[in-house]
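Participant: Attaching a single structure in structure tokens format; questions to follow.
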Amino acid sequence: MAAAKTIHEKLTEIVGNLWWSWQPEVTDIFREIDPILWSELSHNPILLLREYPPEKLELRARTEVLHSRINAAYRDMREYLISQETWGDTHAGVLGFRPVAYFSAEFGLHESFRIYSGGLGILSGDHMKSASDLGIPMVGVGLFYNEGYFTQLVSQDGWQQEEYSRADPNDLPISEVTKPDGEVLSITIDTRGGQIHAKVWCVHAGRIPIYLLDSNVPENSPEDRALTARLYGGDQRTRIRQELLLGVGGVKALSALGIKPRVIHMNEGHSAFASLELIRMRIQEDGISFERALRETAAMGVFTTHTPVPAGHDRFDSGLMEEHLGPLRDQLHLDHQGLMGLGRIDPNNHDETFCMTVLAFRASRRANAVSNLHGVVSRRMWRNLWIWRNEDEIPIGHITNGVHVSTWLAQHMQSLYNRYLPINWMQRTGEPEVWAEFDKVKSSELWETHLSLKNRLIQHARYLLTRQAKRYGLGADVISTFQSFLEPQHLLIGFARRFAPYKRADLLMRDLELLERILSDADRPVQFVFGGKAHPADELGKQIMQRIYRLSQEPAFKGKIVFLEDYDINLARYLVQGVDVWLNNPRRPLEASGTSGQKVVLNGGLNLSVLDGWWAEAFDGQNGFAIGDGLIHANQDIQDERDAKSLMSVLQEQVIPLYYDRNQDDLPEGWILRMKRAVATLGWRFNADRMVMDYVTQAYIPAAGGTSCNMTFPS
């Protein structure tokens with residue numbers, strides 16, 4: 001009989017699977033072992049356990065009475081991983097034979113595992129987590145970036161500085177994939193200039209294994225060893241080699257593992273080369289023609305497009321394509337123009353570059369945008385791929401994005417949900433009847449819960465500002481003033497996202513005199529908290545960020561506008577859980593979906609947004625606030641001015657009065673009614689479980705040939 005595992009062994013097993021990261025009762029255990037160290041280590045439990053060897057951990061567990069909780073967490077994880085009583089077991093059985101392979105250039109799983117940059121990666125991470133919770137047979141495929149995305153440092157002048165640091169795989173919940181003989185699994189890709197080699201790591205997100213390719217191996221040149229070092233770094237040559245590794249290398253890795261996916265889901269066009277490798281395998285293994293292999297590969301393909309801006313789609317010139325895809329082209333029995341034509345809107349236009357998105361559309365029978373409005377925009381943008389169809393017949397649908405509830409719902413708020421929603425509500429987050437019960441929550445209880453989260457955000461903001469000031473070398477007299485920055489009783493509006501110019505982070509700065517009056521109103525004060533990164537190559541985005549930072553340093557705005565540096569999953573968690581209002585004002589219709597506002601909804605915050613992305617299909621007049629009327633002026637400058645005026649008008653006439661309209665108990669009753677309505681009407685629609693279930697029923701099962709009835713026919 002095997003000896004019982006120690007609590008150190010049980011926790012070591014738990015931290016080897018990122019399941020723990022969306023289990024608040026488990027993260028509480030790590031926090032209570034050593035609260036200060038837990039924060040200093042960026043919530044990395046592997047590093048925490050390294051500081052607490054078995055004897056030291058045993059002593060700490062006795063002091064904090066943690067044994068029973070550790071044992072319960074271990075049992076919960078084991079039961080979760082083997083359970084077959086899932087939604088997927090009932091509704092996605094056809095995928096059990098051959099799973100879905102989900103390709104993405106980034107995965108935002110946890111702040112301690114920095115292989116993500118922003119919204120695309122967070123979405124991929126949430127997709128994996130919900131697929132795990134639902135029991136969907138799936139594997140993820142991505143790249144292991146050992147330097148990840150950059151750490152943002154803001155200079156005293158407000159200019160963004162990028163800092164990269166190399167991660168030690170031993171500090172992460174990943175393991176090298178090995179062959180049966182114990183040798184490390186590796187793949188090789190042929191190019192005209194030589195071979196690119198990569199080994200394969202695996203990280204588990206609950207039930208879902210995610211395979212990450214790593215080019216940092218001795219067989220590669222120094223240039224290629226650094227290929228997967230940084231996310232979205234380098235020039236066009238680096239980008240095509242990364243995408244070759246993701247797509248072609250990803251399929252090769254799955255084949256080496258003996259995984260034969262029934263469905264290929266390409267999340268954005270970065271991984272579109274996967275379709276060419278699948279076609280090559282069918283030609284080589286089954287002796288079929290290229291045309292037939294393309295047709296049958298497309299039948300199993302699902303493609304999600306995220307970018308409503310033409311410039312945001314990767315394009316490669318003829319020379320780069322031949323250098324990197326030449327050997328694969330030979331095996332596909334295509335000439336050079338035949339290959340290039342797969343990525344051109346007009347295959348016969350030899351001046352057109354190769355577009356990854358065009359290839360993804362051509363190699364996928366099922367394609368979707370990520371919101372209803374984005375679907376309209378995408379059909380218009382890509383209508384020339386189907387010139388024989390009317391625009392409303394273009395075969396691009398939409399599945400609106402959602403967020404993983406357990407990841408983004410604050411623990412305090414989850415406790416409130418648990419008291420009012422059905423016992424098994426977390427397993428039924430896609431059902432509107434479950435969320436309707438939220439209306440029964442006591443207004444005072446909801447408001448006090450929200451205020452506690454708001455206070456937590458403010459304390460964290462003051463801590464971050466203090467840390468930043470110490471880095472600048474500022475004195476104690478300056479640092480002490482931060483304790484009065486952001487008042488818990490004042491209306492707090494948050495804005496945090498990538499600092500791309502079209503997101504218009506500085507829209508509210510068009511009338512600074514009016515902004516100053518609003519923020520300085522003694523009876524109804526308002527305050528703003530900003531966060532976000534600009535792409536390292538986006539000078540205009542950096543300038544916008546700098547302008548906001550500099551404004552926050554002016555005497556009239558100091559302490560009322562703050563900018564928090566290094567926006568990541570951890571900071572996002574504080575922000576979406578603690579603000580009163582989430583501001584989103586992109587140029588319509590350039591926001592494909594947006595998900596940060598959905599996270600705010602779960603935690604009782606209200607959205608103040610342009611009617612773009614998900615908000616265009618979510619706003620009902622009573623579950624938040626809208627900027628503008630959804631119409632777009634032909635002149636962009638006029639539209640910007642119109643939206644700026646609407647923003648200030650809505651703030652003055654709707655948001656601020658409603659927040660400060662209090663009853664005898666100092667409760668903003670009208671505001672709380674909107675909080676309740678937002679949760680009840682939006683929580684079930686815009687969560688990742690609903691999203692993944694839509695992908696399963698509307699895309700994966702049809703792509704796998706698993707539908708029992710289909711009487712719709714293409715026009």
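Each chain in the structure tokens gets a letter, A, B and so on, in the order shown; residues start at 1 in every chain, and ligands are counted from 1 in the order they appear.
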What's around A:Ala704 at 8 Å? Count only C-alpha atoms, leave out sequence neighbours fewer than 2 positions away in its own chain, and write the answer as a list of chain:residue names.

Facilitator: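 Once the nearby chain positions are removed, what remains is A:Val94, A:Leu95, A:Arg262, A:Val263, A:Met300, A:Tyr700, A:Ile701, A:Pro702, A:Gly706.
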
Participant: For stretch 325-336 of chain A, find every residue with an atom within 10 Å (counting only C-alpha atoms), except residues of its own chain fewer than 3 positions away, and show them as a count of residues only.

Facilitator: 30

Participant: Using only C-alpha atoms, which residues of stretch 421-531 of chain A come within 8 Å of stretch 654-677 of chain A, and what is the closest atom pair for each, with the distance in Å to one decimal? Give it as JSON lines, sorted by chain and residue number.

Facilitator:
```
{"residue": "A:Phe438", "atom": "CA", "partner": "A:Lys676", "partner_atom": "CA", "distance": 6.6}
{"residue": "A:Asp439", "atom": "CA", "partner": "A:Lys676", "partner_atom": "CA", "distance": 5.8}
{"residue": "A:Ser443", "atom": "CA", "partner": "A:Ile672", "partner_atom": "CA", "distance": 6.5}
{"residue": "A:Ser444", "atom": "CA", "partner": "A:Leu667", "partner_atom": "CA", "distance": 7.1}
{"residue": "A:Leu446", "atom": "CA", "partner": "A:Ile672", "partner_atom": "CA", "distance": 7.9}
{"residue": "A:Trp447", "atom": "CA", "partner": "A:Ile672", "partner_atom": "CA", "distance": 7.2}
{"residue": "A:Leu491", "atom": "CA", "partner": "A:Tyr659", "partner_atom": "CA", "distance": 7.1}
{"residue": "A:Arg524", "atom": "CA", "partner": "A:Tyr660", "partner_atom": "CA", "distance": 6.7}
{"residue": "A:Val526", "atom": "CA", "partner": "A:Ile656", "partner_atom": "CA", "distance": 7.9}
```

Participant: Would you mind telling me which residue in A:Val679, A:Ala105, A:Val65, A:Leu514 lies nearest to A:Pro432 when using only C-alpha atoms?

Facilitator: A:Val679

Participant: Mind listing the helix (DSSP H, G or I) residues of stretch 214-360 of chain A, per DSSP on the backbone, as a PyMOL selection string?

Facilitator: chain A and resi 222-225+236-256+269-271+273-286+290-299+310-312+318-332+336-341+356-360

Participant: What's around A:Lys179 at 12 Å? Count only C-alpha atoms, leave out sequence neighbours fewer than 6 positions away in its own chain, and write the answer as a list in words.

Facilitator: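 So the residues in contact are Leu185, Ser186, Ile187, Lys199, Val200, Ala253, Ala256, Leu257 and Gly258 of chain A.
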
Participant: Restricting the output to N, CA and C atoms, write the selected residues as a JSON list (two decimals), in the first residue's frame.

Facilitator:
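Final output, saved to selection_2.json:
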```json
[["chain", "number", "residue", "atom", "x", "y", "z"],
["A", 185, "LEU", "N", 10.53, 15.37, -27.23],
["A", 185, "LEU", "CA", 9.86, 15.45, -28.52],
["A", 185, "LEU", "C", 10.24, 16.74, -29.23],
["A", 186, "SER", "N", 10.60, 16.63, -30.50],
["A", 186, "SER", "CA", 10.95, 17.82, -31.27],
["A", 186, "SER", "C", 10.37, 17.69, -32.67],
["A", 187, "ILE", "N", 10.23, 18.84, -33.33],
["A", 187, "ILE", "CA", 9.73, 18.85, -34.71],
["A", 187, "ILE", "C", 10.70, 19.67, -35.55],
["A", 199, "LYS", "N", 11.27, 22.22, -29.78],
["A", 199, "LYS", "CA", 10.78, 21.22, -28.85],
["A", 199, "LYS", "C", 9.39, 21.63, -28.38],
["A", 200, "VAL", "N", 8.75, 20.76, -27.63],
["A", 200, "VAL", "CA", 7.35, 20.98, -27.26],
["A", 200, "VAL", "C", 7.20, 20.90, -25.75],
["A", 253, "ALA", "N", 3.57, 18.79, -34.42],
["A", 253, "ALA", "CA", 3.66, 18.37, -33.01],
["A", 253, "ALA", "C", 2.48, 17.47, -32.65],
["A", 256, "ALA", "N", 3.04, 14.09, -34.14],
["A", 256, "ALA", "CA", 4.06, 13.33, -33.40],
["A", 256, "ALA", "C", 3.50, 12.79, -32.09],
["A", 257, "LEU", "N", 2.52, 13.49, -31.54],
["A", 257, "LEU", "CA", 1.89, 13.05, -30.29],
["A", 257, "LEU", "C", 0.79, 12.00, -30.54],
["A", 258, "GLY", "N", 0.50, 11.73, -31.80],
["A", 258, "GLY", "CA", -0.56, 10.79, -32.12],
["A", 258, "GLY", "C", -1.95, 11.38, -32.01]]
```

Participant: So which one's closest to A:Pro209, A:Phe316, A:Tyr232, A:Tyr145, A:Trp19? Using only C-alpha atoms, please.

Facilitator: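 Using only C-alpha atoms, A:Pro209 sits closest to A:Trp19.
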
Participant: Please provide as a PyMOL selection string all residues within 12 Å of A:Asn585, with the sequence filter that same-chain residues fewer than 5 positions apart are discarded (counting only C-alpha atoms).

Facilitator: chain A and resi 494-497+499-508+590-591+594+597+607-613+615+625-628+630+639-640+642-648

Participant: Report, in Å to a single decimal, how far apart atom CA of A:Val403 and atom CA of A:Ile264 are.

Facilitator: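 Separating atom CA of A:Ile264 from atom CA of A:Val403 is a distance of 21.8 Å.
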
Participant: Applying 9 Å and only C-alpha atoms, which residues near A:Glu106 remain after dropping the ones on its own chain fewer than 2 positions away? List them as a list in words.

Facilitator: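 Result of the neighbour search: Phe103, Ser104, Gly108, Ile115, Tyr116, Ser117, Gly118, Leu120, Gly121, Ile122, Ser124, Gly125, Gly142, Leu143, Phe144 and Leu231 of chain A.
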
Participant: Can you write out the residues you just picked, keeping C-alpha atoms, as a short mmCIF file (atom, residue, chain, number, x, y, z; two decimals), in the first residue's frame?

Facilitator:
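Saved to part_24.cif:
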```cif
data_model
loop_
_atom_site.label_atom_id
_atom_site.label_comp_id
_atom_site.auth_asym_id
_atom_site.auth_seq_id
_atom_site.Cartn_x
_atom_site.Cartn_y
_atom_site.Cartn_z
CA PHE A 103 -4.49 27.31 -32.33
CA SER A 104 -3.63 30.73 -30.91
CA GLY A 108 -3.63 34.55 -21.17
CA ILE A 115 2.73 34.34 -22.84
CA TYR A 116 -0.02 36.86 -23.59
CA SER A 117 -0.19 40.54 -24.49
CA GLY A 118 -3.84 41.52 -24.30
CA LEU A 120 -6.68 37.99 -27.85
CA GLY A 121 -4.64 36.04 -25.31
CA ILE A 122 -7.10 36.60 -22.48
CA SER A 124 -7.86 32.23 -25.62
CA GLY A 125 -7.17 31.55 -21.95
CA GLY A 142 0.70 27.89 -29.16
CA LEU A 143 4.26 29.11 -28.71
CA PHE A 144 6.39 29.31 -25.58
CA LEU A 231 5.53 37.83 -28.33
#
```

Participant: Got a sec: who's within 12 Å of A:Glu617, counting only C-alpha atoms, leaving out chain neighbours fewer than 6 positions off, as a ChimeraX atom specification?

Facilitator: /A:370-375,399-401,593,609-611,623,626,630,681-682,685-686

Participant: Would you mind listing what lies within 7 Å of A:Tyr574 as a VMD selection string, with only C-alpha atoms counted and same-chain residues fewer than 4 positions away left out?

Facilitator: chain A and resid 457 570 578

Participant: Could you tell me how far atom CA of A:Ala101 lies from atom CA of A:Val139, in Å and to one decimal?

Facilitator: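 So the answer is 5.0 Å.
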
Participant: Using only C-alpha atoms, which residue out of A:Asp317, A:Asp689, A:Glu516, A:Glu111 lies closest to A:Pro555?

Facilitator: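 For A:Pro555, the nearest of the candidates is A:Glu516.
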
Participant: In Å, rounded to a single decimal, give me how far atom CA of A:Arg428 is from atom CA of A:Ala72.

Facilitator: 23.0 Å
